[in-house]
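Structure data (compact mmCIF, C-alpha atoms and all ligand atoms) from start-v9.txt:
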# COMPACT_ATOMS: atom_id res chain seq x y z
CA MET A 1 0.00 0.00 0.00
CA SER A 2 2.72 2.47 0.98
CA ARG A 3 4.56 1.79 -2.28
CA SER A 4 1.62 2.93 -4.37
CA ILE A 5 1.05 6.03 -2.23
CA ILE A 6 4.73 6.95 -2.51
CA GLU A 7 4.63 6.45 -6.27
CA LYS A 8 1.53 8.60 -6.51
CA ALA A 9 3.14 11.31 -4.37
CA ASP A 10 6.09 11.37 -6.72
CA ARG A 11 3.68 12.04 -9.59
CA VAL A 12 1.37 14.65 -8.07
CA ILE A 13 3.45 16.59 -5.56
CA PHE A 14 6.14 19.09 -6.54
CA ALA A 15 9.52 17.44 -6.36
CA THR A 16 10.96 20.16 -4.10
CA TYR A 17 11.97 17.73 -1.36
CA GLN A 18 14.13 14.69 -1.44
CA ARG A 19 12.01 12.48 0.78
CA GLN A 20 12.88 9.39 2.77
CA PRO A 21 10.95 6.39 1.37
CA VAL A 22 8.64 5.94 4.37
CA LEU A 23 4.98 6.71 4.81
CA ILE A 24 4.52 7.90 8.37
CA GLN A 25 1.09 7.34 9.82
CA LYS A 26 1.19 7.87 13.55
CA GLY A 27 3.26 9.56 16.21
CA GLU A 28 3.37 9.53 19.98
CA GLY A 29 5.99 11.24 22.11
CA CYS A 30 9.40 10.60 20.57
CA ARG A 31 8.25 7.79 18.29
CA VAL A 32 6.55 7.50 14.91
CA TRP A 33 5.11 4.51 13.08
CA ASP A 34 5.17 3.88 9.35
CA SER A 35 2.59 2.14 7.19
CA GLU A 36 4.46 -1.16 7.51
CA GLY A 37 4.11 -1.04 11.28
CA ARG A 38 7.79 -0.24 11.86
CA THR A 39 8.56 2.19 14.68
CA TYR A 40 11.22 4.86 14.68
CA THR A 41 12.68 7.03 17.40
CA ASP A 42 12.41 10.49 15.99
CA PHE A 43 15.53 12.67 16.16
CA VAL A 44 14.13 15.05 13.53
CA ALA A 45 10.86 16.06 15.23
CA GLY A 46 9.50 17.56 12.03
CA ILE A 47 12.67 19.72 11.75
CA ALA A 48 12.88 21.01 15.32
CA VAL A 49 9.12 21.54 15.44
CA CYS A 50 7.56 18.93 17.72
CA ASN A 51 9.55 19.97 20.79
CA LEU A 52 7.00 18.36 23.13
CA GLY A 53 6.77 15.23 21.03
CA HIS A 54 4.01 13.93 18.77
CA ALA A 55 0.31 13.97 19.61
CA HIS A 56 0.82 15.50 23.06
CA PRO A 57 -2.36 14.67 25.02
CA ARG A 58 -2.66 18.09 26.70
CA ILE A 59 -2.29 19.95 23.41
CA ALA A 60 -4.69 17.53 21.72
CA LYS A 61 -7.27 18.23 24.43
CA VAL A 62 -7.00 22.02 24.16
CA LEU A 63 -7.13 21.75 20.40
CA SER A 64 -10.29 19.65 20.36
CA GLU A 65 -11.99 21.95 22.90
CA GLN A 66 -11.09 25.00 20.82
CA ALA A 67 -12.23 23.17 17.67
CA ARG A 68 -15.69 22.96 19.22
CA THR A 69 -15.66 26.62 20.26
CA LEU A 70 -14.07 28.95 17.70
CA TRP A 71 -11.58 28.44 14.88
CA HIS A 72 -11.15 31.71 13.11
CA VAL A 73 -12.68 35.16 12.88
CA SER A 74 -9.78 37.26 11.47
CA ASN A 75 -7.91 40.10 13.11
CA LEU A 76 -10.82 42.47 12.62
CA TYR A 77 -11.89 41.27 16.10
CA TYR A 78 -10.31 40.41 19.42
CA THR A 79 -9.96 36.77 20.47
CA GLN A 80 -8.83 35.56 23.86
CA PRO A 81 -6.31 32.82 22.90
CA GLN A 82 -4.34 35.33 20.81
CA VAL A 83 -4.20 37.89 23.62
CA GLU A 84 -3.20 35.28 26.17
CA LEU A 85 -0.49 33.87 23.94
CA ALA A 86 0.97 37.31 23.23
CA SER A 87 0.92 38.19 26.94
CA TYR A 88 2.67 34.95 27.80
CA LEU A 89 5.37 35.52 25.20
CA VAL A 90 6.15 39.10 26.19
CA LYS A 91 6.35 38.06 29.85
CA LYS A 92 9.05 35.56 28.87
CA CYS A 93 11.40 37.89 27.00
CA PHE A 94 12.61 41.39 26.14
CA ALA A 95 9.67 42.12 23.83
CA ASP A 96 6.58 44.25 24.44
CA ARG A 97 4.48 43.38 21.40
CA VAL A 98 3.81 40.43 19.13
CA PHE A 99 2.70 40.17 15.51
CA PHE A 100 1.35 36.74 14.60
CA CYS A 101 1.69 35.00 11.25
CA ASN A 102 1.89 31.42 10.02
CA SER A 103 5.46 30.46 9.28
CA GLY A 104 9.08 31.33 9.81
CA ALA A 105 9.52 33.03 6.48
CA GLU A 106 6.52 35.24 7.19
CA ALA A 107 7.87 36.15 10.61
CA ASN A 108 11.16 37.22 9.02
CA GLU A 109 9.29 39.12 6.28
CA ALA A 110 7.52 41.01 9.04
CA ALA A 111 10.83 41.71 10.80
CA ILE A 112 12.45 43.00 7.59
CA LYS A 113 9.46 45.20 6.83
CA LEU A 114 9.34 46.54 10.39
CA ALA A 115 13.05 47.41 10.43
CA ARG A 116 12.69 49.37 7.22
CA ARG A 117 9.49 51.10 8.20
CA TYR A 118 10.75 52.00 11.65
CA PHE A 119 13.42 54.24 10.14
CA LYS A 120 11.10 55.61 7.44
CA GLU A 121 8.70 56.70 10.18
CA LYS A 122 11.58 58.43 11.95
CA GLY A 123 12.38 60.33 8.79
CA GLU A 124 15.60 58.42 8.10
CA LYS A 125 14.52 57.45 4.63
CA ASP A 126 17.82 56.05 3.40
CA ARG A 127 18.22 53.44 6.10
CA TYR A 128 16.88 50.29 4.52
CA ARG A 129 19.81 47.89 4.18
CA ILE A 130 20.13 44.78 6.33
CA VAL A 131 23.38 43.04 7.14
CA ALA A 132 22.96 39.26 7.37
CA MET A 133 25.40 36.40 7.80
CA GLU A 134 26.94 34.01 5.31
CA GLN A 135 25.58 30.46 5.70
CA SER A 136 22.42 31.82 7.31
CA PHE A 137 18.91 30.63 6.56
CA HIS A 138 15.87 32.87 6.87
CA GLY A 139 13.24 31.35 4.59
CA ARG A 140 12.07 30.85 1.03
CA THR A 141 9.99 33.91 0.20
CA MET A 142 11.65 36.49 -2.06
CA ALA A 143 12.68 38.80 0.78
CA THR A 144 13.82 36.04 3.13
CA LEU A 145 15.78 34.15 0.49
CA SER A 146 17.41 37.45 -0.47
CA ALA A 147 18.41 37.70 3.22
CA THR A 148 19.75 34.14 3.25
CA GLY A 149 23.50 33.61 2.97
CA GLN A 150 23.44 30.42 0.90
CA GLU A 151 23.69 30.37 -2.88
CA LYS A 152 21.68 27.19 -3.31
CA VAL A 153 18.62 28.87 -1.77
CA LYS A 154 18.84 31.81 -4.19
CA SER A 155 19.76 29.96 -7.34
CA GLY A 156 17.42 30.65 -10.24
CA PHE A 157 15.40 33.40 -8.57
CA ALA A 158 17.17 36.56 -9.70
CA PRO A 159 16.60 39.44 -9.58
CA LEU A 160 16.73 39.22 -5.80
CA LEU A 161 15.44 41.90 -3.49
CA ASP A 162 17.88 44.75 -3.06
CA GLY A 163 19.20 45.78 0.32
CA PHE A 164 21.01 42.80 1.84
CA ASP A 165 24.70 42.65 2.67
CA PHE A 166 26.58 39.65 3.99
CA VAL A 167 29.45 39.08 6.35
CA PRO A 168 30.97 35.84 7.68
CA PHE A 169 29.42 34.54 10.92
CA ASN A 170 31.70 35.24 13.91
CA ASP A 171 33.60 38.01 12.09
CA ILE A 172 32.95 41.17 14.09
CA GLU A 173 35.46 43.27 12.12
CA ALA A 174 33.75 42.42 8.84
CA LEU A 175 30.44 43.43 10.39
CA ARG A 176 31.94 46.71 11.60
CA ARG A 177 33.11 47.49 8.06
CA LYS A 178 29.81 46.50 6.47
CA ILE A 179 27.42 48.52 8.62
CA SER A 180 26.91 51.89 6.97
CA GLY A 181 24.66 54.93 7.17
CA SER A 182 22.09 53.06 5.09
CA THR A 183 21.96 50.04 7.40
CA CYS A 184 18.72 49.65 9.34
CA ALA A 185 19.34 46.27 10.95
CA VAL A 186 21.54 43.26 11.52
CA LEU A 187 19.68 39.99 11.02
CA MET A 188 21.08 36.74 12.39
CA GLU A 189 20.41 33.38 14.01
CA PRO A 190 22.07 33.15 17.45
CA ILE A 191 23.13 29.63 16.39
CA GLN A 192 23.00 28.89 12.68
CA GLY A 193 20.67 25.95 12.08
CA GLU A 194 20.31 24.99 8.41
CA GLY A 195 23.82 26.37 7.79
CA GLY A 196 25.28 23.42 9.73
CA ILE A 197 24.67 24.04 13.47
CA ARG A 198 27.27 26.77 13.89
CA CYS A 199 27.62 28.42 17.30
CA PRO A 200 28.72 31.98 18.01
CA GLU A 201 32.21 32.33 19.41
CA ALA A 202 32.48 33.69 22.96
CA GLY A 203 31.64 37.39 22.96
CA PHE A 204 30.41 37.55 19.36
CA LEU A 205 26.74 38.23 20.08
CA GLU A 206 27.68 40.78 22.75
CA SER A 207 29.92 42.57 20.24
CA VAL A 208 27.18 42.55 17.62
CA ARG A 209 24.82 44.13 20.14
CA ARG A 210 27.39 46.82 20.96
CA LEU A 211 27.96 47.58 17.28
CA CYS A 212 24.22 47.89 16.72
CA ASP A 213 23.95 50.27 19.66
CA GLU A 214 26.84 52.40 18.41
CA THR A 215 25.34 52.66 14.93
CA ARG A 216 21.71 52.78 16.11
CA SER A 217 20.93 49.74 13.95
CA LEU A 218 18.27 47.29 15.04
CA LEU A 219 19.31 43.79 16.03
CA ILE A 220 17.02 41.04 14.77
CA PHE A 221 17.43 37.52 16.13
CA ASP A 222 15.90 34.77 14.03
CA GLU A 223 15.09 32.23 16.76
CA ILE A 224 12.82 30.18 14.54
CA GLN A 225 14.97 27.07 15.02
CA THR A 226 16.80 27.97 18.25
CA GLY A 227 13.74 29.15 20.18
CA MET A 228 11.15 27.36 22.29
CA GLY A 229 13.57 25.61 24.61
CA ARG A 230 15.63 23.93 21.91
CA THR A 231 19.02 25.09 23.25
CA GLY A 232 18.23 24.66 26.94
CA ARG A 233 16.68 28.10 27.52
CA LEU A 234 13.32 29.24 26.21
CA PHE A 235 15.19 31.46 23.73
CA ALA A 236 18.82 30.89 22.74
CA HIS A 237 19.89 34.50 23.25
CA GLN A 238 19.04 34.11 26.94
CA HIS A 239 22.25 32.08 27.31
CA PHE A 240 24.17 35.20 26.41
CA ASN A 241 24.05 38.61 27.96
CA VAL A 242 22.30 40.03 24.89
CA GLU A 243 18.81 41.06 23.91
CA PRO A 244 17.67 41.84 20.37
CA ASP A 245 15.22 44.57 19.31
CA ILE A 246 13.20 42.17 17.20
CA MET A 247 12.89 38.38 17.43
CA THR A 248 11.20 35.92 15.12
CA LEU A 249 9.70 32.57 16.11
CA ALA A 250 7.91 29.76 14.29
CA LYS A 251 8.80 26.04 14.09
CA ALA A 252 8.18 24.75 17.65
CA LEU A 253 5.91 27.62 18.70
CA GLY A 254 2.86 25.52 17.82
CA ASN A 255 4.50 22.11 18.28
CA GLY A 256 3.43 21.29 14.73
CA LEU A 257 0.52 23.67 14.17
CA PRO A 258 1.50 26.39 11.74
CA ILE A 259 2.25 29.60 13.59
CA GLY A 260 4.92 32.26 13.36
CA ALA A 261 5.52 35.35 15.45
CA MET A 262 7.55 38.54 15.25
CA LEU A 263 8.23 40.21 18.58
CA ALA A 264 9.64 43.65 19.25
CA ARG A 265 10.29 46.30 21.84
CA GLU A 266 7.62 49.00 22.19
CA THR A 267 9.66 51.77 20.51
CA VAL A 268 10.41 49.61 17.48
CA ALA A 269 6.89 48.18 17.28
CA GLY A 270 5.66 51.72 16.69
CA GLY A 271 6.98 51.34 13.13
CA PHE A 272 3.85 49.33 12.27
CA GLY A 273 0.57 51.22 12.58
CA PRO A 274 -2.93 50.18 11.44
CA GLY A 275 -2.91 48.95 7.86
CA SER A 276 0.87 48.66 7.60
CA HIS A 277 1.07 44.88 7.78
CA ALA A 278 -1.40 42.00 8.02
CA SER A 279 -2.10 38.29 7.85
CA THR A 280 -5.53 36.67 7.47
CA PHE A 281 -4.70 33.55 9.47
CA GLY A 282 -2.17 35.19 11.80
CA GLY A 283 -2.97 34.53 15.45
CA THR A 284 -6.12 32.59 14.73
CA PRO A 285 -7.71 31.25 17.94
CA ILE A 286 -7.43 27.55 17.19
CA VAL A 287 -3.68 27.70 16.70
CA CYS A 288 -3.05 30.21 19.48
CA ALA A 289 -4.91 28.06 22.01
CA ALA A 290 -2.60 25.16 21.17
CA SER A 291 0.50 27.33 21.23
CA LEU A 292 -0.43 28.78 24.63
CA GLU A 293 -0.70 25.25 25.98
CA VAL A 294 2.76 24.50 24.53
CA LEU A 295 4.25 27.38 26.52
CA LYS A 296 2.46 26.34 29.71
CA ILE A 297 3.76 22.78 29.40
CA MET A 298 7.28 24.07 28.74
CA ASP A 299 7.09 26.03 32.00
CA GLU A 300 5.28 23.54 34.21
CA GLU A 301 7.38 20.58 33.17
CA LYS A 302 10.64 22.57 33.05
CA VAL A 303 11.25 21.37 29.52
CA PRO A 304 14.15 23.74 28.69
CA GLU A 305 15.97 22.61 31.86
CA HIS A 306 15.50 18.97 30.89
CA CYS A 307 16.74 19.83 27.40
CA ALA A 308 19.91 21.44 28.77
CA GLU A 309 20.69 18.43 30.91
CA ILE A 310 19.89 15.71 28.39
CA GLY A 311 21.49 17.74 25.58
CA ALA A 312 24.78 17.92 27.49
CA TYR A 313 24.65 14.16 28.00
CA PHE A 314 23.90 13.59 24.30
CA LYS A 315 26.73 15.87 23.19
CA LYS A 316 29.18 14.06 25.44
CA GLN A 317 28.16 10.73 23.90
CA LEU A 318 28.65 12.16 20.41
CA GLU A 319 32.06 13.49 21.40
CA GLU A 320 33.05 10.03 22.59
CA LEU A 321 32.07 8.69 19.18
CA LYS A 322 34.23 11.38 17.62
CA ASP A 323 37.23 10.20 19.63
CA LYS A 324 36.62 6.73 18.30
CA TYR A 325 36.12 7.46 14.58
CA GLU A 326 38.31 9.69 12.48
CA PHE A 327 35.33 9.68 10.13
CA ILE A 328 33.77 12.31 12.42
CA GLU A 329 35.20 15.81 12.01
CA ASP A 330 33.29 17.81 14.53
CA VAL A 331 30.50 17.74 17.12
CA ARG A 332 28.73 21.02 17.82
CA GLY A 333 25.64 22.76 19.08
CA MET A 334 23.81 23.43 22.31
CA GLY A 335 21.00 21.72 24.15
CA LEU A 336 19.18 19.49 21.68
CA LEU A 337 20.31 21.39 18.60
CA LEU A 338 23.29 19.21 17.83
CA GLY A 339 25.32 18.56 14.72
CA MET A 340 27.96 16.01 13.86
CA LYS A 341 30.09 16.76 10.82
CA VAL A 342 31.26 13.65 9.01
CA LYS A 343 33.82 13.31 6.24
CA GLU A 344 31.34 12.00 3.68
CA GLU A 345 28.23 9.96 3.07
CA GLY A 346 25.84 11.83 5.32
CA ASP A 347 22.91 10.40 3.35
CA ALA A 348 24.17 6.83 3.71
CA ILE A 349 24.26 7.26 7.49
CA VAL A 350 20.73 8.69 7.50
CA GLY A 351 19.53 5.65 5.51
CA ALA A 352 21.36 3.14 7.68
CA CYS A 353 19.94 4.71 10.85
CA ARG A 354 16.45 4.64 9.35
CA ASP A 355 16.81 0.92 8.62
CA ARG A 356 17.71 0.48 12.29
CA GLY A 357 14.68 2.45 13.52
CA PHE A 358 16.02 6.00 13.96
CA LEU A 359 15.06 9.14 12.08
CA ILE A 360 17.90 11.64 11.76
CA ASN A 361 18.64 14.14 9.03
CA CYS A 362 21.61 15.54 7.19
CA ILE A 363 22.21 19.17 6.25
CA GLN A 364 24.87 20.74 4.04
CA GLY A 365 25.68 17.27 2.70
CA ASN A 366 27.78 16.16 5.65
CA VAL A 367 26.38 17.49 8.92
CA LEU A 368 24.11 15.06 10.72
CA ARG A 369 21.54 17.07 12.64
CA PHE A 370 19.97 15.81 15.85
CA VAL A 371 16.89 17.76 16.92
CA PRO A 372 14.68 15.29 18.81
CA PRO A 373 11.66 16.27 20.91
CA LEU A 374 12.99 17.95 24.05
CA ILE A 375 11.25 15.33 26.18
CA ILE A 376 13.64 12.64 24.97
CA GLU A 377 15.25 10.48 27.65
CA LYS A 378 18.70 9.02 28.23
CA GLU A 379 17.73 5.50 27.14
CA GLU A 380 16.62 6.74 23.72
CA ILE A 381 19.86 8.64 23.28
CA ASP A 382 21.87 5.60 24.33
CA SER A 383 20.16 3.48 21.70
CA LEU A 384 20.80 6.05 18.97
CA ILE A 385 24.46 6.23 20.01
CA SER A 386 24.88 2.48 19.76
CA CYS A 387 23.14 2.56 16.37
CA LEU A 388 25.55 5.28 15.18
CA ASP A 389 28.45 3.30 16.59
CA ASP A 390 27.33 0.30 14.58
CA VAL A 391 26.81 2.30 11.36
CA LEU A 392 30.10 4.19 11.65
CA ASN A 393 31.96 1.00 12.37
CA MET A 394 30.50 -0.51 9.20
CA LEU A 395 31.35 2.58 7.13
CA THR A 396 34.87 2.80 8.50
CA ARG A 397 35.54 -0.84 7.63
CA LYS A 398 34.14 -0.22 4.16
CA ARG A 399 36.38 2.84 3.69
CA ASP A 400 39.47 1.02 4.92
CA GLY A 401 38.62 -1.84 2.60
CA HIS A 402 38.33 0.57 -0.32
CA SER A 403 41.57 2.42 0.37
CA ARG A 404 43.46 -0.87 0.65
CA GLY A 405 41.85 -1.89 -2.61
CA ASP A 406 43.04 1.34 -4.23
CA MET A 407 46.65 0.68 -3.23
C1 LIG A 501 13.01 26.95 9.29
C2 LIG A 501 13.60 28.30 9.41
C3 LIG A 501 13.05 29.41 8.75
C4 LIG A 501 11.89 29.29 7.79
O1 LIG A 501 10.73 28.85 8.41
P1 LIG A 501 9.47 28.39 7.50
O2 LIG A 501 8.41 28.13 8.52
O3 LIG A 501 9.91 27.17 6.77
O4 LIG A 501 9.16 29.50 6.59
C5 LIG A 501 13.64 30.64 8.94
N1 LIG A 501 14.69 30.78 9.76
C6 LIG A 501 15.24 29.75 10.41
C7 LIG A 501 16.42 29.97 11.30
C8 LIG A 501 14.73 28.46 10.24
O5 LIG A 501 15.31 27.43 10.85
Take the structure in the file and give it back as structure tokens.
Ligand SMILES: *Cc1c(COP(=O)(O)O)cnc(C)c1O
Amino acid sequence: MSRSIIEKADRVIFATYQRQPVLIQKGEGCRVWDSEGRTYTDFVAGIAVCNLGHAHPRIAKVLSEQARTLWHVSNLYYTQPQVELASYLVKKCFADRVFFCNSGAEANEAAIKLARRYFKEKGEKDRYRIVAMEQSFHGRTMATLSATGQEKVKSGFAPLLDGFDFVPFNDIEALRRKISGSTCAVLMEPIQGEGGIRCPEAGFLESVRRLCDETRSLLIFDEIQTGMGRTGRLFAHQHFNVEPDIMTLAKALGNGLPIGAMLARETVAGGFGPGSHASTFGGTPIVCAASLEVLKIMDEEKVPEHCAEIGAYFKKQLEELKDKYEFIEDVRGMGLLLGMKVKEEGDAIVGACRDRGFLINCIQGNVLRFVPPLIIEKEEIDSLISCLDDVLNMLTRKRDGHSRGDM
């Protein structure tokens, strides 16, 4: 049955994704089941989305209650779940106001538009440029792909939107040189996700903040992947002594329901008045009710704290693997946003792990990314580690065999 559905999918759905050949039908906690009845421990979590695991009973309950009450009325009216969610979010961070949308790209679009408009409103009409980082990822809409520092995301879509400059991540001097009188903002991920799980060097974010202050540029943190407890704090920048002026969220904000948010300080938020920006679905009650429950669970069950602890354990296990295999070049990341750079064959490792009942994914061709639900436990990590040990052992023997054969 799954074969025919997969074949049909390959005929009727745009071929924009290279999919794993499994038809997933059910999820619960950190596990998913495919149509053949095989189970997998999920270290992808819908790309860092299902931070509380699949089919969480408390979220399911809130969702079904809200489904019987009110789904959507538009932003022409007030609805309670939206107000409660916004209040919860601003209580948890630097921000004073929230704009809701439906995805990460939209949240970044809103941030880009706000940064530009903020300076226009102040009469500084020439400040519209945004400095972003090489290897960054901010989305697939025209503005957000123009802001993305990866050629493969932009390829074929010229002319791109004007107004984006790029500097290498972790290069404060390059940033200092790039910021000019026409810069309105610096846009960056505190830890680069899609770019290969790249962490800021000590002091980098603090220096970026200082530069922004000196030049009166806005600092925008894209926390779409790093937010919602993923790194061991609710938001990644809270590990550092730095606050942005604008922050974007999406991915895990709804634990799988589509929601994005752009948050800002009061002064900056004034850049958007009535009619300046909008989204039909943004902040719709059915999704906000679920998202509010996500935040409550994060707090009540101390999910970020668990993530910090279990993530440190996981990273240590990966580092031990690195000591054992010269096949592994690097282990990096924070909390449960972890990457392991291998010399080659990232896809082969993903496939071999899948055959052994583990979903992992590979970015940039050779960085294995581990972003499981934050509720994952030690036993599940131990079994993935022994699976990786097994797979790497096999690959190493194969490589050694080949190189001897070559000689
Ligand atoms: C996933 C991601 C986006 C894009 O989010 P979409 O919901 O796919 O539009 C933007 N920025 C970062 C850092 C991301 O990880």
Nearest to Ile112 in chain A, chosen from A:Gln20, A:Thr39, A:Thr248, A:Asn366, with all atoms listed in the file counted in the distances: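 Ranking A:Gln20, A:Thr39, A:Thr248, A:Asn366 by distance to Ile112 in chain A, first place goes to A:Thr248.
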A:Thr41, A:Ser35, A:Gln238, A:Thr79 ranked by distance to Cys387 in chain A, top pick (using all atoms listed in the file):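 For Cys387 in chain A, the nearest of the candidates is A:Thr41.
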Contacts of ligand LIG 501 (chain A), 8 Å or closer, all atoms listed in the file, given as a list in words: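 With all atoms listed in the file and a cut-off of 8 Å, ligand LIG 501 (chain A) is contacted by Ile47, Asn102, Ser103, Gly104, Ala105, Glu106, Ala107, Asn108, Ser136, Phe137, His138, Gly139, Arg140, Thr141, Thr144, Glu189, Gln192, Gly193, Glu194, Asp222, Glu223, Ile224, Gln225, Thr226, Ala250, Lys251, Pro258 and Gly260 of chain A.
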Of the listed residues A:Ile197, A:Val49, A:Val44, A:Cys184, that which approaches Gly339 in chain A most closely, counting only C-alpha atoms: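 For Gly339 in chain A, the nearest of the candidates is A:Ile197.
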Nearest residue to Phe370 in chain A from the set A:Met247, A:Ala95, A:Ala48, A:Leu388 (distances using all atoms listed in the file):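 The shortest atom-to-atom distance to Phe370 in chain A comes from A:Ala48.
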For CA of Thr183 in chain A and CA of Phe157 in chain A, the interatomic separation in Å (one decimal):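 Interatomic distance here is 24.0 Å.
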Of the listed residues A:Gly181, A:Arg399, A:Cys101, A:Glu28, that which approaches Ser74 in chain A most closely, counting only C-alpha atoms: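 Of the candidates, the smallest distance to Ser74 in chain A is held by A:Cys101.
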Would you kindly place N, CA and C atoms on range 52-73 of chain A and return the model as a compact mmCIF listing (two decimals), in the coordinates of the input?
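Saved file result_32.txt follows:
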# COMPACT_ATOMS: atom_id res chain seq x y z
N LEU A 52 7.63 19.11 22.03
CA LEU A 52 7.00 18.36 23.13
C LEU A 52 6.59 16.97 22.67
N GLY A 53 7.08 16.55 21.53
CA GLY A 53 6.77 15.23 21.03
C GLY A 53 5.48 15.22 20.22
N HIS A 54 5.19 14.06 19.64
CA HIS A 54 4.01 13.93 18.77
C HIS A 54 2.75 13.70 19.58
N ALA A 55 1.66 14.22 19.07
CA ALA A 55 0.31 13.97 19.61
C ALA A 55 0.25 14.15 21.13
N HIS A 56 0.80 15.27 21.61
CA HIS A 56 0.82 15.50 23.06
C HIS A 56 -0.63 15.57 23.58
N PRO A 57 -0.96 14.74 24.59
CA PRO A 57 -2.36 14.67 25.02
C PRO A 57 -2.93 16.01 25.51
N ARG A 58 -2.12 16.80 26.20
CA ARG A 58 -2.66 18.09 26.70
C ARG A 58 -2.94 19.05 25.55
N ILE A 59 -2.06 19.06 24.55
CA ILE A 59 -2.29 19.95 23.41
C ILE A 59 -3.48 19.44 22.60
N ALA A 60 -3.57 18.12 22.46
CA ALA A 60 -4.69 17.53 21.72
C ALA A 60 -6.02 17.90 22.38
N LYS A 61 -6.04 17.92 23.70
CA LYS A 61 -7.27 18.23 24.43
C LYS A 61 -7.68 19.68 24.20
N VAL A 62 -6.72 20.59 24.36
CA VAL A 62 -7.00 22.02 24.16
C VAL A 62 -7.47 22.26 22.72
N LEU A 63 -6.81 21.58 21.81
CA LEU A 63 -7.13 21.75 20.40
C LEU A 63 -8.56 21.28 20.11
N SER A 64 -8.95 20.15 20.68
CA SER A 64 -10.29 19.65 20.36
C SER A 64 -11.36 20.52 21.06
N GLU A 65 -11.04 21.04 22.25
CA GLU A 65 -11.99 21.95 22.90
C GLU A 65 -12.16 23.24 22.08
N GLN A 66 -11.01 23.77 21.62
CA GLN A 66 -11.09 25.00 20.82
C GLN A 66 -11.78 24.74 19.48
N ALA A 67 -11.60 23.52 18.96
CA ALA A 67 -12.23 23.17 17.67
C ALA A 67 -13.75 23.18 17.80
N ARG A 68 -14.24 22.94 19.01
CA ARG A 68 -15.69 22.96 19.22
C ARG A 68 -16.20 24.34 19.62
N THR A 69 -15.26 25.30 19.77
CA THR A 69 -15.66 26.62 20.26
C THR A 69 -15.53 27.71 19.18
N LEU A 70 -14.30 27.89 18.70
CA LEU A 70 -14.07 28.95 17.70
C LEU A 70 -12.75 28.70 16.99
N TRP A 71 -12.81 28.68 15.65
CA TRP A 71 -11.58 28.44 14.88
C TRP A 71 -10.93 29.74 14.43
N HIS A 72 -11.74 30.58 13.81
CA HIS A 72 -11.15 31.71 13.11
C HIS A 72 -12.19 32.81 12.90
N VAL A 73 -11.79 34.03 13.19
CA VAL A 73 -12.68 35.16 12.88
C VAL A 73 -11.97 36.32 12.19
